[in-house]
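Pasted below: start13.cif, mmCIF, C-alpha atoms and all ligand atoms.
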data_start
loop_
_atom_site.label_atom_id
_atom_site.label_comp_id
_atom_site.auth_asym_id
_atom_site.auth_seq_id
_atom_site.Cartn_x
_atom_site.Cartn_y
_atom_site.Cartn_z
CA MET R 1 -13.67 17.24 0.04
CA ASN R 2 -10.29 16.32 -1.31
CA THR R 3 -9.94 13.16 -3.36
CA MET R 4 -6.49 11.60 -3.15
CA LYS R 5 -5.42 10.28 -6.52
CA ILE R 6 -3.36 7.09 -6.52
CA GLN R 7 -2.02 5.98 -9.89
CA ILE R 8 -0.29 2.65 -10.35
CA ILE R 9 1.98 1.83 -13.29
CA THR R 10 2.23 -1.92 -13.84
CA LEU R 11 2.58 -4.65 -16.47
CA PHE R 12 -0.06 -6.65 -14.56
CA PRO R 13 -3.15 -4.46 -14.07
CA GLU R 14 -5.27 -7.55 -13.33
CA MET R 15 -3.39 -8.10 -10.07
CA PHE R 16 -5.06 -4.97 -8.67
CA GLU R 17 -8.65 -5.83 -9.56
CA GLY R 18 -9.47 -7.83 -6.46
CA VAL R 19 -7.57 -5.59 -4.08
CA LEU R 20 -8.98 -2.27 -5.29
CA ASN R 21 -12.54 -3.51 -5.72
CA SER R 22 -13.05 -5.15 -2.34
CA SER R 23 -13.75 -4.09 1.20
CA MET R 24 -12.41 -0.78 2.53
CA LEU R 25 -10.47 0.20 -0.59
CA TRP R 26 -13.63 -0.14 -2.65
CA LYS R 27 -15.61 1.81 -0.06
CA ALA R 28 -13.01 4.56 0.05
CA GLN R 29 -13.40 5.02 -3.71
CA ASP R 30 -17.16 4.76 -3.52
CA ARG R 31 -17.16 7.59 -0.96
CA GLY R 32 -14.95 9.71 -3.22
CA LEU R 33 -12.10 9.82 -0.69
CA VAL R 34 -9.60 8.24 -3.02
CA GLU R 35 -9.41 7.56 -6.73
CA PHE R 36 -7.29 4.68 -8.03
CA SER R 37 -6.16 4.35 -11.60
CA VAL R 38 -4.15 1.47 -12.93
CA ILE R 39 -1.97 2.32 -15.90
CA ASP R 40 -0.75 -0.51 -18.14
CA LEU R 41 2.98 0.00 -18.73
CA ARG R 42 2.69 -2.10 -21.91
CA GLN R 43 0.90 0.73 -23.71
CA PHE R 44 4.13 2.77 -23.45
CA GLY R 45 6.24 -0.04 -24.91
CA LEU R 46 8.44 0.53 -27.93
CA GLY R 47 7.93 -0.65 -31.51
CA PRO R 48 5.24 -2.84 -33.02
CA ARG R 49 5.48 -5.32 -30.14
CA ASN R 50 5.32 -2.72 -27.39
CA GLN R 51 8.64 -3.83 -25.99
CA VAL R 52 9.26 -2.80 -22.38
CA ASP R 53 12.41 -4.74 -21.48
CA ASP R 54 15.82 -5.61 -22.88
CA PRO R 55 18.91 -7.56 -21.75
CA PRO R 56 21.23 -5.73 -19.33
CA TYR R 57 24.38 -3.97 -20.49
CA GLY R 58 27.40 -5.79 -19.11
CA GLY R 59 25.57 -9.09 -19.32
CA GLY R 60 23.73 -11.03 -16.68
CA ASP R 61 20.54 -13.01 -16.22
CA GLY R 62 17.13 -11.85 -17.24
CA MET R 63 15.71 -8.71 -18.69
CA VAL R 64 15.69 -5.12 -17.49
CA LEU R 65 12.78 -2.70 -17.80
CA MET R 66 13.79 0.08 -20.17
CA VAL R 67 13.89 3.68 -19.01
CA GLU R 68 11.91 5.05 -21.95
CA PRO R 69 8.57 3.25 -21.44
CA LEU R 70 8.85 3.86 -17.68
CA SER R 71 9.52 7.59 -18.06
CA LYS R 72 6.69 7.93 -20.61
CA ALA R 73 4.26 6.20 -18.28
CA ILE R 74 5.29 8.48 -15.40
CA ALA R 75 4.88 11.57 -17.62
CA HIS R 76 1.40 10.34 -18.56
CA ALA R 77 0.49 9.94 -14.88
CA LYS R 78 1.98 13.35 -13.97
CA ALA R 79 -0.17 14.96 -16.66
CA GLN R 80 -3.23 13.72 -14.69
CA ASP R 81 -1.87 15.02 -11.39
CA GLU R 82 1.03 17.48 -11.58
CA THR R 83 1.93 17.53 -7.89
CA ALA R 84 1.82 13.76 -7.41
CA LYS R 85 4.85 12.12 -5.82
CA VAL R 86 6.45 9.15 -7.55
CA TYR R 87 7.17 6.02 -5.45
CA LEU R 88 9.33 3.13 -6.56
CA PRO R 89 9.20 -0.10 -4.56
CA THR R 90 12.61 -1.76 -4.48
CA PRO R 91 14.37 -3.99 -1.96
CA ARG R 92 17.11 -1.34 -2.03
CA GLY R 93 14.84 1.36 -0.59
CA LYS R 94 14.38 2.40 3.02
CA THR R 95 11.85 0.27 4.89
CA PHE R 96 8.36 1.74 4.70
CA LYS R 97 7.00 2.38 8.19
CA GLN R 98 3.72 3.43 9.77
CA SER R 99 5.16 6.94 10.16
CA ASP R 100 5.66 7.06 6.37
CA ALA R 101 2.07 6.00 5.78
CA LYS R 102 0.94 8.84 8.08
CA ARG R 103 3.16 11.38 6.38
CA VAL R 104 1.89 10.39 2.93
CA ALA R 105 -1.77 10.38 4.00
CA ALA R 106 -1.40 13.76 5.71
CA SER R 107 0.34 15.36 2.71
CA GLU R 108 -2.87 14.92 0.69
CA GLU R 109 -0.69 14.77 -2.41
CA GLY R 110 -1.41 12.20 -5.07
CA LEU R 111 0.78 9.16 -5.55
CA ILE R 112 2.21 7.52 -8.61
CA ILE R 113 3.52 4.05 -7.81
CA VAL R 114 5.78 2.44 -10.41
CA CYS R 115 5.90 -1.36 -10.20
CA PRO R 116 9.13 -2.88 -11.51
CA ARG R 117 9.15 -6.47 -12.77
CA TYR R 118 11.56 -8.96 -14.20
CA GLU R 119 15.13 -8.88 -12.98
CA GLY R 120 15.08 -5.14 -12.54
CA TYR R 121 14.77 -1.72 -14.08
CA ASP R 122 17.15 0.73 -15.73
CA GLU R 123 18.61 2.71 -12.83
CA ARG R 124 18.22 6.00 -14.74
CA ILE R 125 14.51 5.90 -13.90
CA ILE R 126 15.30 7.13 -10.40
CA ASP R 127 15.63 10.67 -11.79
CA TRP R 128 11.80 10.61 -12.09
CA VAL R 129 11.29 9.08 -8.64
CA ASP R 130 10.72 10.96 -5.38
CA GLU R 131 10.97 8.01 -3.00
CA GLN R 132 12.30 4.48 -3.15
CA TYR R 133 10.94 2.16 -0.48
CA SER R 134 11.17 -1.45 0.62
CA ILE R 135 8.44 -3.33 2.48
CA GLY R 136 10.88 -5.63 4.22
CA ASN R 137 14.06 -7.60 3.99
CA TYR R 138 13.06 -10.18 1.38
CA VAL R 139 12.82 -10.20 -2.39
CA LEU R 140 9.51 -10.40 -4.23
CA THR R 141 8.91 -11.08 -7.93
CA GLY R 142 7.76 -7.54 -8.60
CA GLY R 143 6.57 -4.23 -7.21
CA GLU R 144 2.84 -4.97 -7.31
CA ILE R 145 2.49 -6.38 -3.81
CA PRO R 146 4.64 -3.58 -2.30
CA ALA R 147 2.46 -1.09 -4.23
CA MET R 148 -0.63 -2.64 -2.63
CA VAL R 149 1.00 -2.39 0.79
CA LEU R 150 1.69 1.32 0.29
CA LEU R 151 -1.74 2.23 -1.06
CA ASP R 152 -3.58 0.16 1.55
CA SER R 153 -1.62 1.51 4.52
CA VAL R 154 -2.11 5.10 3.27
CA THR R 155 -5.77 4.80 2.28
CA ARG R 156 -6.90 3.51 5.67
CA LEU R 157 -5.44 6.67 7.25
CA ILE R 158 -7.44 9.06 5.04
CA PRO R 159 -10.11 10.67 7.25
CA GLY R 160 -13.48 9.05 6.60
CA VAL R 161 -12.18 5.74 5.30
CA LEU R 162 -12.45 3.87 8.59
CA GLY R 163 -15.51 4.48 10.72
CA GLY R 164 -15.95 5.49 14.32
CA GLU R 165 -13.50 4.49 16.97
CA GLU R 166 -11.46 2.53 14.45
CA SER R 167 -10.30 5.86 13.11
CA ALA R 168 -6.67 6.58 12.46
CA GLU R 169 -6.79 9.30 15.12
CA LYS R 170 -6.55 6.69 17.80
CA GLU R 171 -3.09 5.89 16.52
CA SER R 172 -1.99 9.45 16.01
CA PHE R 173 0.16 9.71 19.12
CA GLN R 174 2.21 6.74 18.06
CA GLN R 175 5.20 6.99 15.81
CA ASP R 176 6.34 3.69 14.41
CA ASP R 177 4.95 1.74 17.29
CA VAL R 178 1.87 0.35 15.65
CA SER R 179 -0.79 -0.14 18.29
CA ILE R 180 -1.79 -3.77 18.43
CA GLU R 181 -5.34 -4.18 19.64
CA HIS R 182 -6.41 -6.63 22.30
CA PRO R 183 -7.72 -9.99 21.03
CA GLN R 184 -11.44 -10.05 20.25
CA TYR R 185 -14.17 -12.64 20.59
CA THR R 186 -17.71 -13.04 19.34
CA ARG R 187 -20.40 -15.74 19.59
CA PRO R 188 -20.45 -18.47 20.75
CA GLU R 189 -19.29 -18.12 24.37
CA ASP R 190 -18.11 -21.72 24.33
CA PHE R 191 -16.85 -23.39 21.17
CA ASN R 192 -16.18 -27.06 21.83
CA GLY R 193 -14.82 -26.21 25.26
CA LYS R 194 -12.82 -23.19 24.11
CA LYS R 195 -14.22 -20.36 26.19
CA VAL R 196 -14.30 -16.60 25.79
CA PRO R 197 -12.36 -14.95 28.68
CA SER R 198 -14.96 -14.61 31.42
CA VAL R 199 -14.10 -10.98 32.16
CA LEU R 200 -15.55 -9.99 28.77
CA LEU R 201 -18.89 -11.51 29.79
CA SER R 202 -18.83 -10.01 33.29
CA GLY R 203 -20.56 -6.73 32.46
CA ASN R 204 -17.99 -4.98 34.67
CA HIS R 205 -16.85 -2.16 32.42
CA ALA R 206 -13.91 -1.10 34.54
CA ARG R 207 -12.54 -4.64 34.61
CA ILE R 208 -13.21 -5.08 30.90
CA GLU R 209 -11.32 -1.87 30.07
CA GLN R 210 -8.45 -2.99 32.28
CA TRP R 211 -8.32 -6.37 30.51
CA LYS R 212 -8.32 -4.64 27.11
CA ASP R 213 -5.50 -2.36 28.20
CA GLU R 214 -3.46 -5.22 29.55
CA ASN R 215 -3.88 -7.16 26.33
CA SER R 216 -2.98 -4.33 23.94
CA ARG R 217 0.40 -2.98 23.10
N1 LIG B 1 10.55 -5.55 -4.95
C1 LIG B 1 10.99 -6.80 -4.71
N2 LIG B 1 11.09 -7.03 -3.40
C2 LIG B 1 10.70 -5.88 -2.77
C3 LIG B 1 10.59 -5.48 -1.42
N3 LIG B 1 10.89 -6.29 -0.41
N4 LIG B 1 10.17 -4.24 -1.15
C4 LIG B 1 9.86 -3.40 -2.16
N5 LIG B 1 9.96 -3.71 -3.45
C5 LIG B 1 10.37 -4.95 -3.76
#
Would you write out, as structure tokens, the structure that this file holds?
Ligand code: ADE
Amino acid sequence: MNTMKIQIITLFPEMFEGVLNSSMLWKAQDRGLVEFSVIDLRQFGLGPRNQVDDPPYGGGDGMVLMVEPLSKAIAHAKAQDETAKVYLPTPRGKTFKQSDAKRVAASEEGLIIVCPRYEGYDERIIDWVDEQYSIGNYVLTGGEIPAMVLLDSVTRLIPGVLGGEESAEKESFQQDDVSIEHPQYTRPEDFNGKKVPSVLLSGNHARIEQWKDENSR
């Protein structure tokens, strides 16, 4: 069995604790299907204060992540997994789609996700980057949430992560059209007058399947 390695380079490792240690992502690690490691960018900082950022050349607001700590952190991650691909979340990247998640999961190559912070990063880092991606047309405070989006969307497609009929196979004929499942209901049948659609209680499997079809897209 192949274990996909996903390494995350960040100044805020604690942001990943809840996400990586809960629910399906935790189970995926527990089953040995994926291995996450969170690398603290600060340990590659320069000088006695482990400096990672500096003001931008040409002036401007805020601080910019320096290329040297970033490239050292990437080299450290590459040493753990030589063939890993380096991903950089940035609002300037191409929008990450379901088809990208499938491609990454199917490649079985490890990932190194570099999370920028502050006002930005030294553009020279892109020489170490294989893919820049955006998760949508809005600006976040850093790359951690986009990193979580990438690793979550990829991990759930690794065979064995989801069980049974929930498997990613069901979606395999789709490209970027994400299949949206029909709405679901569980007990009670009647909650303060709000009723479960009667067809679901009818026991008529043909009609139930038809209802599910009609309410999926
Ligand atoms: N960093 C800040 N905003 C982002 C976005 N929308 N997508 C990816 N990285 C980002």
Expected answer as a ChimeraX atom specification: residues within 12 Å of ligand LIG 1 (chain B), all atoms listed in the file: /R:87-97,113-121,131-150
8 Å contact set for Ile112 (chain R), all atoms listed in the file, chain neighbours under 6 positions out, as a PyMOL selection string: chain R and resi 6-9+74+77-78+84-87
Closest to Trp128 (chain R) among R:Asp81, R:Glu68, R:Asp100, R:Asp176, using only C-alpha atoms?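 Smallest separation from Trp128 (chain R) among the options: R:Glu68.
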What's around Gly160 (chain R) at 8 Å? Count only C-alpha atoms, leave out sequence neighbours fewer than 2 positions away in its own chain, and write the answer as an mmCIF file with C-alpha atoms, keeping the file's coordinate frame.
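Okay, result01.cif is ready:
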data_model
loop_
_atom_site.group_PDB
_atom_site.id
_atom_site.type_symbol
_atom_site.label_atom_id
_atom_site.label_comp_id
_atom_site.auth_asym_id
_atom_site.auth_seq_id
_atom_site.Cartn_x
_atom_site.Cartn_y
_atom_site.Cartn_z
ATOM 1 C CA ALA R 28 -13.010 4.560 0.050
ATOM 2 C CA LEU R 33 -12.100 9.820 -0.690
ATOM 3 C CA ILE R 158 -7.440 9.060 5.040
ATOM 4 C CA LEU R 162 -12.450 3.870 8.590
ATOM 5 C CA GLY R 163 -15.510 4.480 10.720
ATOM 6 C CA SER R 167 -10.300 5.860 13.110
#
Minimum-distance residue to Gly32 (chain R), chosen among R:Val161, R:Ala101, R:Val178, R:Ile126 (using only C-alpha atoms):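 Of all the options, R:Val161 lies closest to Gly32 (chain R).
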To one decimal in Å, tell me the separation between CA of Asn215 (chain R) and CA of His182 (chain R).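 Interatomic distance here is 4.8 Å.
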Could you check which of R:Val19, R:Val199, R:Val104, R:Ile180 is closest to Ser216 (chain R), using all atoms listed in the file? R:Ile180
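The interatomic distance for the pair CA of Pro69 (chain R) and CA of Asp54 (chain R) works out to 11.5 Å.
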Taken to one decimal, the CA of Glu109 (chain R)-CA of Asn21 (chain R) distance is 22.0 Å
Put a box with edges along x, y and z around all the listed atoms of region 184-188 of chain R, pad it by 5 Å on each side, then give me its centre and sizes in Å, one decimal, as JSON.
{"center_x": -15.9, "center_y": -14.3, "center_z": 20.0, "size_x": 19.0, "size_y": 18.4, "size_z": 11.4}
Nearest-residue call for Val154 (chain R), choices R:Ser71, R:Ser202, R:Gln184, R:Ser99, using all atoms listed in the file: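 That would be R:Ser99, the residue with the smallest distance to Val154 (chain R).
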Pick the closest to Met4 (chain R) from R:Val64, R:Leu20, R:Gly47, R:Glu108: which is it, counting all atoms listed in the file?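 The closest residue to Met4 (chain R) is R:Glu108.
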Distance criterion (all atoms listed in the file): nearest to Arg124 (chain R) out of R:Thr10, R:Leu157, R:Leu70, R:Gly58: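 Nearest to Arg124 (chain R): R:Leu70.
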